Amino acid sequence: MAASMRRLLPGNCGRFIQNVLPNERLLESRYSKSHGNTFQRTLPYVQFRMTHSPNTPAPWWTKKLDTSAPEDLTSDNEAFLQDMVEEKYSVDSPLKEGPWERADWTPRSVRCGLICRKIGVIPQWLNNGKKFYTTLLQVADNHVIRYTPPEINRERRRGSRTPNFGIQVVGADSADPRLFKAEYLGLFQEAGVMPKHHLSRFFVTRDAVIQPGTQLNAMHFSVGDFVDCQARTIDHGYQGVVKKWGMKGGPASHGATKFHRKMGATGGGGNMARIWPGKKMPGHMGNEWRILKGLKIWRINTKYNVLYVHGPCVPGPHHCYVRVMDTILPLRKRKGDGPKPPFPTWFADDYKDQEIPEEIFDESLHRFTASSIEFEEEK
Amino acid sequence: MAASIALARQITRVNINNTKICRLSTVCTDGAFCNASLKRYSDVAPSRSDPEPDVVESHNETLSNAQAHYRYIFPEILPNPDSTRRNKVCEMLERNDMMNRRSVLEIPEFYVGSILAVTASDKYAAGNTSRFVGICIDRGGCGLRAWFILRNVIDDQGIEIMYEMYSPMIREIQMLKLEKRLDESLLYLRDAPNEYSTFDFDMAEVPHVAGDHVPINPLKVKLRSRPWLERYERQDLKGVEDLGLAQKFYDRAKQLATPWEKYDIMKQYRATVTAEDQDEVFRDIHEKQQQIEQARIVRRRRKKLQSNR
Amino acid sequence: MSCLTLLNGAIRNGFGKASFSTTQSLQQIIKLSRLRVVDNSALGRAAMQSGKPPRCIHVYKNTGVGTIGDKILVAIMGQKKRGYIIGCRQKQAAGVPRFDSNNMVLVDDSGTPLGTRIRVPVPSCLRGKATGDFSKVLAIASKFV
């Protein structure tokens with residue numbers, strides 16, 4: 001984490017487990033009224049230094065991977081260990097405490113999000129014949145791991161701009177417990193789920209709390225909803241100014257001597273006779289948290305837990321983790337008059353006896369089982 | 001590993017087009033490597049188009065027999081070979097959409113060089129449909145993005161239309177003449193006299209008997225005089241008559257040629273979907289394809305009975 | 001899948017290779033593009049037969065790139081005339097026809113076409129642009145594609 005970020009964190013953060021990303025300031029800015037919306041459509045691109053947070057774990061984070069030497073187990077012992085793991089996690093043990101109370105959704109509620117995997121981009125067609133691209137986001141075996149109420153959150157994160165939000169930690173992609181250290185496995189004891197490859201944090205209002213151990217499905221969202229997708233962009237490595245900042249460089253020929261892809265001048269002179277901080281220069285490009293807002297969900301596949309989200313431009317490379325949340329855009333977010341979302345999430349147990357359709361389509365989306373589109377004669 | 005060894009053995013036998021490693025290339029189950037060359041047009045796999053079969057053959061067909069044909073009927077069913085984008089779930093969902101569309105719209109087996117008639121919905125056309133007849137000069141795309149280009153010359157004006165195969169705006173794709181040409185792409189017809197690209201809109205369907213081999217039209221096109229849109233002497237074109245250029249063009253073409261590419265096994269490997277993955281794909285669609293074909297046969301029988309009455 | 005490898009920018013001289021990237025041949029209709037007049041107007045026919053086809057000198061569009069249905073100003077036989085593009089060599093969207101030549105019809109200042117017939121097929125998507133002046137052009141079209 002950047003040195004500047006570490007200074008902002010409270011002193012007792014040694015106990016505060018930070019295996020989760022992304023950058024909290026970025027998250028907070030979504031919900032704090034004072035900061036406002038940094039990524040408004042009308043503003044030009046503003047360099048935001050805190051997006052360059054690295055992927056490396058901070059020293060006080062819980063150590064994750066078990067990097068001890070291989071144990072050279074016999075095949076019998078291997079089999080025994082695998083049986084132990086299966087025995088521990090295959091049984092659905094009863095909850096320690098009963099199911100938590102569920103509140104009702106209000107327009108001011110902020111629900112938990114999902115951690116999805118970007119699995120591909122597919123074209124789809126509308127009923128008027130228009131073609132567009134959709135990104136397939138597969139909900140990657142999500143379980144809620146923990147909930148931290150706003151009081152504790154407020155104490156730990158002094159100066160936080162989101163004092164009334166709780167934190168919901170969600171895990172994605174169950175993994176073999178033998179991959180991890182004991183202290184990392186301890187994170188999942190409360191929830192009673194298999195350890196996860198990836199953890200992420202979502203800010204939620206108090207009424208939107210979900211009990212740890214709950215599975216999250218694609219049905220958490222509905223077709224026609226708008227979501228925000230946040231992920232780390234494609235890592236382009238160290239890049240020059242032409243690719244990184246879109247500078248024009250110099251002429252390819254006409255006698256240009258060693259000036260084809262350079263920056264050119266660095267400043268003006270005068271009072272501030274130095275290179276200004278933030279000057280666009282070559283450097284590392286990509287692997288930054290970016291959020292794409294207001295993407296419509298056109299289709300949901302409930303069998304494979306896949307969301308078909310509008311556009312081919314969800315940040316990140318193929319197979320990356322994407323955080324998917326209800327949108328904060330004022331014109332696209334849920335109003336009080338429309339249908340209410342499953343709150344705090346969609347519980348599979350409530351629909352045990354009902355048959356859920358395998359595919360749910362938006363009404364203006366063309367279904368491939370339907371006949372070809374025909375235009376009616378205008379009278 | 002076994003697949004790559006088999007590949008290495010076959011590669012020396014085949015004359016591969018240097019300029020394009022075609023994404024349509026596949027590894028045949030009979031061991032011959034097919035890649036953008038004449039080897040694809042071998043007589044091993046006969047055509048699968050069946051206008052009026054009397055016997056319900058396809059229903060009893062074994063999977064392995066069917067698989068030998070599927071890569072010709074659905075070249076676009078195989079996913080993009082780019083390994084960074086492969087995902088089984090995504091490919092399966094896309095394939096489901098494709099097969100659902102195919103169950104509604106009959107997409108015939110066709111090749112570059114076949115003559116097709118496409119009827120599409122068009123809100124600006126008379127009767128809200130427009131029909132276009134033309135020779136398929138190129139096809140490509142993977143999955144739902146599959147496309148093909150039809151070319152025709154109408155009133156001395158060369159016209160090409162690109163159609164997206166799985167677009168729901170297409171109402172009908174009629175096969176007028178099923179045949180192949182000596183090249184994978186006929187883009188050189190743009191530099192050929194109009195006679196080579198003119199096809200009557202009312203031309204009668206040339207019937208093709210089921211199980212027959214797809215005929216290869218050995219026509220050699222005589223191009224117009226230069227300037228041309230592309231440097232045809234640098235492409236290994238079989239379906240064009242002697243270009244009649246000065247020797248310097250052929251010399252330059254030889255300088256730029258990359259004859260070592262046909263020995264580049266890894267390049268071929270990266271451009272193809274492995275045989276194991278192909279089998280998985282074809283196995284997945286086999287059942288659905290059989291259902292589609294069965295439904296089609298039933299529909300045709302019903303039509304025949306009605307017309308007989 | 002057309003072979004545009006020749007335009008991939010490796011320009012080789014006798015000694016080494018100086019490479020810079022070039023765009024594909026976009027075949028856009030911009031200023032100084034030559035067009036083919038496809039109506040039966042006397043001016044159009046004379047221009048095409050004289051071997052001096054009209055050249056676009058202005059595209060009535062913010063981007064400066066003309067496609068099917070756009071109005072342009074051409075220099076033809078020493079005069080300036082307006083016209084509509086009714087066929088493009090540029091790669092088009094699916095379902096939209098692509099022509100082998102950039103076709104146009106000449107039109108006077110009031111929007112009336114100079115010719116009485118268009119002798120080549122015209123894309124049907126032009127009907128979607130039939131507002132005022134354009135409907136007069138469509139009226140003289142004989143075949144739609």
# chains A, B, ... in the order shown; residues from 1 in each chain; ligands from 1
call {"tool": "residues_around", "arguments": {"residues": "Val107 (chain C)", "least_positions_apart": "6", "cutoff": "9 Å", "atoms": "only C-alpha atoms", "output": "VMD selection string"}}
result
chain C and resid 81 to 84 113 to 115 137
call {"tool": "closest_atom_pairs", "arguments": {"of": "chain A", "to": "chain C", "cutoff": "12 Å", "atoms": "only C-alpha atoms", "output": "JSON lines"}}
result
{"residue": "A:Gly129", "atom": "CA", "partner": "C:Gly95", "partner_atom": "CA", "distance": 10.9}
{"residue": "A:Lys130", "atom": "CA", "partner": "C:Ala94", "partner_atom": "CA", "distance": 10.5}
{"residue": "A:Lys131", "atom": "CA", "partner": "C:Ala94", "partner_atom": "CA", "distance": 9.8}
{"residue": "A:Gly250", "atom": "CA", "partner": "C:Phe20", "partner_atom": "CA", "distance": 11.8}
{"residue": "A:Pro251", "atom": "CA", "partner": "C:Phe20", "partner_atom": "CA", "distance": 9.9}
{"residue": "A:Ala252", "atom": "CA", "partner": "C:Phe20", "partner_atom": "CA", "distance": 6.4}
{"residue": "A:Ser253", "atom": "CA", "partner": "C:Phe20", "partner_atom": "CA", "distance": 8.5}
{"residue": "A:His260", "atom": "CA", "partner": "C:Phe20", "partner_atom": "CA", "distance": 9.8}
{"residue": "A:Arg261", "atom": "CA", "partner": "C:Phe20", "partner_atom": "CA", "distance": 11.4}
call {"tool": "interface_residues", "arguments": {"of": "chain B", "to": "chain C", "cutoff": "8 Å", "atoms": "only C-alpha atoms", "output": "MDAnalysis selection string"}}
result
chainID B and resid 19 124:125 130 132 138:140 154:164 187 190 230:231
call {"tool": "interface_residues", "arguments": {"of": "chain A", "to": "chain B", "cutoff": "9 Å", "atoms": "only C-alpha atoms", "output": "PyMOL selection string"}}
result
chain A and resi 119-129+131+136+138+301+304+317-319+366-377
call {"tool": "select_by_dssp", "arguments": {"residues": "region 149-312 of chain A", "states": "alpha helix (DSSP H)", "output": "number ranges by chain"}}
result
A: 150-156, 182-186, 241-245
call {"tool": "write_last_selection", "arguments": {"atoms": "all heavy atoms", "output": "CSV table (one decimal), in the first residue's frame"}}
result
chain,number,residue,atom,x,y,z
A,150,PRO,N,-21.3,-0.5,12.0
A,150,PRO,CA,-20.8,0.9,11.8
A,150,PRO,C,-20.1,1.4,13.0
A,150,PRO,O,-19.1,2.2,12.9
A,150,PRO,CB,-22.0,1.7,11.5
A,150,PRO,CG,-23.1,0.8,11.1
A,150,PRO,CD,-22.7,-0.6,11.7
A,151,GLU,N,-20.4,1.0,14.3
A,151,GLU,CA,-19.8,1.5,15.5
A,151,GLU,C,-18.3,1.2,15.5
A,151,GLU,O,-17.5,2.0,15.7
A,151,GLU,CB,-20.4,1.0,16.7
A,151,GLU,CG,-21.9,1.3,16.9
A,151,GLU,CD,-22.8,0.4,16.1
A,151,GLU,OE1,-22.5,-0.8,15.9
A,151,GLU,OE2,-23.8,0.9,15.5
A,152,ILE,N,-18.0,-0.1,15.2
A,152,ILE,CA,-16.6,-0.5,15.2
A,152,ILE,C,-15.9,0.1,14.1
A,152,ILE,O,-14.7,0.5,14.2
A,152,ILE,CB,-16.6,-2.1,15.2
A,152,ILE,CG1,-17.3,-2.7,16.4
A,152,ILE,CG2,-15.1,-2.6,15.1
A,152,ILE,CD1,-17.4,-4.2,16.4
A,153,ASN,N,-16.6,0.1,13.0
A,153,ASN,CA,-16.0,0.7,11.7
A,153,ASN,C,-15.6,2.2,12.0
A,153,ASN,O,-14.5,2.6,11.6
A,153,ASN,CB,-17.1,0.6,10.6
A,153,ASN,CG,-16.6,1.1,9.3
A,153,ASN,OD1,-15.4,1.1,9.1
A,153,ASN,ND2,-17.5,1.4,8.4
A,154,ARG,N,-16.5,2.9,12.7
A,154,ARG,CA,-16.3,4.3,13.0
A,154,ARG,C,-15.0,4.5,13.8
A,154,ARG,O,-14.2,5.3,13.7
A,154,ARG,CB,-17.5,4.9,13.7
A,154,ARG,CG,-17.9,6.2,13.3
A,154,ARG,CD,-19.2,6.7,13.9
A,154,ARG,NE,-20.3,6.0,13.4
A,154,ARG,CZ,-21.4,5.6,14.1
A,154,ARG,NH1,-21.5,5.9,15.4
A,154,ARG,NH2,-22.4,5.0,13.6
A,155,GLU,N,-14.9,3.6,14.8
A,155,GLU,CA,-13.8,3.6,15.8
A,155,GLU,C,-12.5,3.4,15.1
A,155,GLU,O,-11.5,4.1,15.3
A,155,GLU,CB,-14.1,2.6,16.8
A,155,GLU,CG,-13.3,2.8,18.1
A,155,GLU,CD,-13.5,1.5,18.9
A,155,GLU,OE1,-14.6,1.3,19.5
A,155,GLU,OE2,-12.5,0.7,19.0
A,156,ARG,N,-12.5,2.4,14.2
A,156,ARG,CA,-11.2,2.0,13.6
A,156,ARG,C,-10.8,3.0,12.5
A,156,ARG,O,-9.6,3.2,12.3
A,156,ARG,CB,-11.4,0.6,13.0
A,156,ARG,CG,-11.4,-0.5,13.9
A,156,ARG,CD,-11.6,-1.8,13.2
A,156,ARG,NE,-11.7,-2.9,14.2
A,156,ARG,CZ,-12.1,-4.1,13.9
A,156,ARG,NH1,-12.5,-4.4,12.6
A,156,ARG,NH2,-12.1,-5.0,14.8
A,182,ALA,N,-2.7,-21.2,8.9
A,182,ALA,CA,-3.8,-21.4,9.9
A,182,ALA,C,-4.5,-20.1,10.2
A,182,ALA,O,-5.7,-20.1,10.4
A,182,ALA,CB,-3.2,-22.0,11.2
A,183,GLU,N,-3.8,-19.0,10.3
A,183,GLU,CA,-4.4,-17.7,10.7
A,183,GLU,C,-5.4,-17.3,9.6
A,183,GLU,O,-6.4,-16.7,9.9
A,183,GLU,CB,-3.4,-16.7,11.0
A,183,GLU,CG,-2.4,-16.4,9.9
A,183,GLU,CD,-1.5,-15.2,10.3
A,183,GLU,OE1,-1.9,-14.3,11.0
A,183,GLU,OE2,-0.3,-15.2,9.8
A,184,TYR,N,-5.1,-17.6,8.3
A,184,TYR,CA,-6.0,-17.2,7.3
A,184,TYR,C,-7.3,-18.1,7.3
A,184,TYR,O,-8.4,-17.6,7.2
A,184,TYR,CB,-5.3,-17.4,5.9
A,184,TYR,CG,-6.2,-16.9,4.7
A,184,TYR,CD1,-6.3,-15.6,4.4
A,184,TYR,CD2,-6.9,-17.8,3.9
A,184,TYR,CE1,-7.1,-15.1,3.3
A,184,TYR,CE2,-7.6,-17.4,2.8
A,184,TYR,CZ,-7.7,-16.1,2.6
A,184,TYR,OH,-8.5,-15.6,1.5
A,185,LEU,N,-7.1,-19.3,7.7
A,185,LEU,CA,-8.3,-20.2,7.8
A,185,LEU,C,-9.2,-19.7,8.9
A,185,LEU,O,-10.4,-19.9,8.9
A,185,LEU,CB,-7.8,-21.6,8.0
A,185,LEU,CG,-7.0,-22.3,6.9
A,185,LEU,CD1,-6.7,-23.7,7.3
A,185,LEU,CD2,-7.8,-22.3,5.6
A,186,GLY,N,-8.5,-19.1,9.9
A,186,GLY,CA,-9.3,-18.6,11.1
A,186,GLY,C,-10.3,-17.5,10.7
A,186,GLY,O,-11.3,-17.4,11.4
A,241,VAL,N,4.7,7.6,-23.0
A,241,VAL,CA,3.6,8.6,-22.9
A,241,VAL,C,2.6,8.5,-24.0
A,241,VAL,O,1.5,8.9,-23.8
A,241,VAL,CB,4.2,10.1,-22.9
A,241,VAL,CG1,4.9,10.4,-21.6
A,241,VAL,CG2,5.1,10.3,-24.0
A,242,VAL,N,3.0,8.0,-25.1
A,242,VAL,CA,2.1,8.0,-26.3
A,242,VAL,C,0.9,7.0,-25.9
A,242,VAL,O,-0.2,7.3,-26.1
A,242,VAL,CB,2.8,7.6,-27.6
A,242,VAL,CG1,1.8,7.2,-28.7
A,242,VAL,CG2,3.8,8.7,-28.0
A,243,LYS,N,1.3,5.8,-25.4
A,243,LYS,CA,0.3,4.8,-25.1
A,243,LYS,C,-0.4,5.2,-23.8
A,243,LYS,O,-1.6,5.1,-23.6
A,243,LYS,CB,0.9,3.5,-25.0
A,243,LYS,CG,-0.1,2.4,-24.8
A,243,LYS,CD,0.5,1.0,-24.8
A,243,LYS,CE,-0.4,-0.1,-24.3
A,243,LYS,NZ,-1.2,-0.7,-25.4
A,244,LYS,N,0.4,5.6,-22.8
A,244,LYS,CA,-0.2,5.9,-21.5
A,244,LYS,C,-1.0,7.1,-21.4
A,244,LYS,O,-2.1,7.1,-20.8
A,244,LYS,CB,1.0,6.0,-20.5
A,244,LYS,CG,0.5,6.0,-19.0
A,244,LYS,CD,1.6,5.9,-18.0
A,244,LYS,CE,0.9,5.9,-16.6
A,244,LYS,NZ,1.8,6.2,-15.6
A,245,TRP,N,-0.6,8.2,-22.0
A,245,TRP,CA,-1.3,9.5,-21.8
A,245,TRP,C,-1.9,9.9,-23.1
A,245,TRP,O,-2.5,11.0,-23.2
A,245,TRP,CB,-0.4,10.5,-21.3
A,245,TRP,CG,0.1,10.2,-19.9
A,245,TRP,CD1,1.3,9.9,-19.5
A,245,TRP,CD2,-0.8,10.1,-18.7
A,245,TRP,NE1,1.4,9.7,-18.1
A,245,TRP,CE2,0.1,9.8,-17.7
A,245,TRP,CE3,-2.1,10.3,-18.5
A,245,TRP,CZ2,-0.4,9.6,-16.3
A,245,TRP,CZ3,-2.6,10.1,-17.2
A,245,TRP,CH2,-1.7,9.7,-16.1
call {"tool": "residues_around", "arguments": {"residues": "region 217-228 of chain B", "least_positions_apart": "6", "cutoff": "8 Å", "atoms": "only C-alpha atoms", "output": "ChimeraX atom specification"}}
result
/B:179-182,188-189,191-193,196,238-243
call {"tool": "write_last_selection", "arguments": {"atoms": "all heavy atoms", "output": "short mmCIF file (atom, residue, chain, number, x, y, z; two decimals), in the first residue's frame"}}
result
data_model
loop_
_atom_site.label_atom_id
_atom_site.label_comp_id
_atom_site.auth_asym_id
_atom_site.auth_seq_id
_atom_site.Cartn_x
_atom_site.Cartn_y
_atom_site.Cartn_z
N GLU B 179 -21.21 -25.16 -53.64
CA GLU B 179 -19.95 -25.59 -54.25
C GLU B 179 -18.80 -24.85 -53.57
O GLU B 179 -19.00 -23.89 -52.85
CB GLU B 179 -19.94 -25.31 -55.76
CG GLU B 179 -20.00 -23.85 -56.14
CD GLU B 179 -19.88 -23.63 -57.64
OE1 GLU B 179 -19.99 -24.59 -58.41
OE2 GLU B 179 -19.67 -22.47 -58.03
N LYS B 180 -17.62 -25.36 -53.84
CA LYS B 180 -16.43 -24.73 -53.31
C LYS B 180 -15.60 -24.21 -54.46
O LYS B 180 -15.79 -24.58 -55.60
CB LYS B 180 -15.59 -25.77 -52.56
CG LYS B 180 -16.17 -26.28 -51.29
CD LYS B 180 -15.26 -27.38 -50.78
CE LYS B 180 -15.84 -28.02 -49.56
NZ LYS B 180 -15.17 -29.26 -49.21
N ARG B 181 -14.68 -23.35 -54.13
CA ARG B 181 -13.73 -22.87 -55.12
C ARG B 181 -12.33 -23.29 -54.70
O ARG B 181 -12.14 -23.90 -53.68
CB ARG B 181 -13.78 -21.34 -55.21
CG ARG B 181 -15.04 -20.80 -55.77
CD ARG B 181 -15.12 -20.95 -57.27
NE ARG B 181 -16.11 -20.05 -57.83
CZ ARG B 181 -15.85 -18.92 -58.45
NH1 ARG B 181 -14.59 -18.53 -58.61
NH2 ARG B 181 -16.81 -18.16 -58.90
N LEU B 182 -11.38 -22.90 -55.52
CA LEU B 182 -10.01 -23.33 -55.24
C LEU B 182 -9.35 -22.51 -54.14
O LEU B 182 -8.27 -22.84 -53.68
CB LEU B 182 -9.17 -23.25 -56.52
CG LEU B 182 -9.62 -24.20 -57.63
CD1 LEU B 182 -8.87 -23.91 -58.91
CD2 LEU B 182 -9.41 -25.65 -57.22
N TYR B 188 -10.60 -11.49 -54.50
CA TYR B 188 -10.05 -11.04 -55.78
C TYR B 188 -11.14 -10.82 -56.84
O TYR B 188 -10.87 -10.25 -57.90
CB TYR B 188 -8.97 -12.00 -56.30
CG TYR B 188 -9.39 -13.44 -56.42
CD1 TYR B 188 -10.23 -13.88 -57.45
CD2 TYR B 188 -8.92 -14.38 -55.52
CE1 TYR B 188 -10.58 -15.20 -57.56
CE2 TYR B 188 -9.26 -15.71 -55.62
CZ TYR B 188 -10.11 -16.12 -56.64
OH TYR B 188 -10.46 -17.44 -56.74
N LEU B 189 -12.37 -11.27 -56.54
CA LEU B 189 -13.45 -11.02 -57.51
C LEU B 189 -13.72 -9.53 -57.67
O LEU B 189 -14.33 -9.10 -58.66
CB LEU B 189 -14.73 -11.73 -57.07
CG LEU B 189 -14.73 -13.24 -57.22
CD1 LEU B 189 -16.05 -13.82 -56.76
CD2 LEU B 189 -14.49 -13.65 -58.66
N ASP B 191 -11.51 -7.43 -58.25
CA ASP B 191 -10.65 -6.98 -59.34
C ASP B 191 -10.83 -7.81 -60.60
O ASP B 191 -10.01 -7.76 -61.51
CB ASP B 191 -9.18 -7.04 -58.89
CG ASP B 191 -8.82 -5.92 -57.95
OD1 ASP B 191 -9.27 -4.78 -58.21
OD2 ASP B 191 -8.10 -6.18 -56.97
N ALA B 192 -11.90 -8.57 -60.63
CA ALA B 192 -12.19 -9.41 -61.79
C ALA B 192 -13.33 -8.78 -62.59
O ALA B 192 -14.11 -8.00 -62.04
CB ALA B 192 -12.58 -10.81 -61.34
N PRO B 193 -13.44 -9.10 -63.86
CA PRO B 193 -14.57 -8.58 -64.64
C PRO B 193 -15.91 -8.96 -64.00
O PRO B 193 -16.02 -9.97 -63.32
CB PRO B 193 -14.41 -9.27 -66.00
CG PRO B 193 -13.00 -9.63 -66.08
CD PRO B 193 -12.54 -9.89 -64.70
N TYR B 196 -17.80 -12.58 -63.59
CA TYR B 196 -17.49 -13.60 -62.58
C TYR B 196 -18.32 -13.45 -61.31
O TYR B 196 -18.41 -14.36 -60.51
CB TYR B 196 -16.00 -13.53 -62.19
CG TYR B 196 -15.07 -13.97 -63.28
CD1 TYR B 196 -14.37 -13.05 -64.05
CD2 TYR B 196 -14.87 -15.33 -63.54
CE1 TYR B 196 -13.51 -13.45 -65.06
CE2 TYR B 196 -14.01 -15.74 -64.55
CZ TYR B 196 -13.33 -14.80 -65.31
OH TYR B 196 -12.49 -15.19 -66.29
N LYS B 238 -5.00 -20.06 -55.96
CA LYS B 238 -5.12 -21.17 -56.90
C LYS B 238 -6.17 -20.90 -57.96
O LYS B 238 -6.11 -21.44 -59.06
CB LYS B 238 -5.50 -22.46 -56.13
CG LYS B 238 -4.59 -22.82 -55.00
CD LYS B 238 -3.37 -23.57 -55.53
CE LYS B 238 -2.48 -24.09 -54.43
NZ LYS B 238 -1.93 -23.04 -53.57
N GLY B 239 -7.15 -20.08 -57.61
CA GLY B 239 -8.30 -19.90 -58.49
C GLY B 239 -8.17 -18.72 -59.44
O GLY B 239 -9.15 -18.22 -59.97
N VAL B 240 -6.93 -18.27 -59.65
CA VAL B 240 -6.70 -17.13 -60.54
C VAL B 240 -5.78 -17.57 -61.66
O VAL B 240 -4.81 -18.27 -61.42
CB VAL B 240 -6.06 -15.96 -59.77
CG1 VAL B 240 -6.00 -14.73 -60.62
CG2 VAL B 240 -6.82 -15.67 -58.51
N GLU B 241 -6.09 -17.13 -62.85
CA GLU B 241 -5.21 -17.42 -63.99
C GLU B 241 -3.90 -16.69 -63.84
O GLU B 241 -3.78 -15.77 -63.03
CB GLU B 241 -5.90 -16.94 -65.28
CG GLU B 241 -6.50 -18.09 -66.08
CD GLU B 241 -7.12 -17.56 -67.36
OE1 GLU B 241 -6.46 -16.76 -68.04
OE2 GLU B 241 -8.27 -17.94 -67.64
N ASP B 242 -2.94 -17.05 -64.64
CA ASP B 242 -1.63 -16.41 -64.60
C ASP B 242 -1.79 -14.88 -64.60
O ASP B 242 -2.44 -14.30 -65.46
CB ASP B 242 -0.80 -16.85 -65.80
CG ASP B 242 0.54 -16.16 -65.81
OD1 ASP B 242 1.12 -16.02 -64.70
OD2 ASP B 242 1.00 -15.75 -66.89
N LEU B 243 -1.19 -14.24 -63.58
CA LEU B 243 -1.40 -12.80 -63.39
C LEU B 243 -0.74 -11.97 -64.48
O LEU B 243 -1.12 -10.83 -64.70
CB LEU B 243 -0.88 -12.37 -62.02
CG LEU B 243 -1.58 -13.01 -60.84
CD1 LEU B 243 -0.83 -12.76 -59.56
CD2 LEU B 243 -2.99 -12.49 -60.72
#
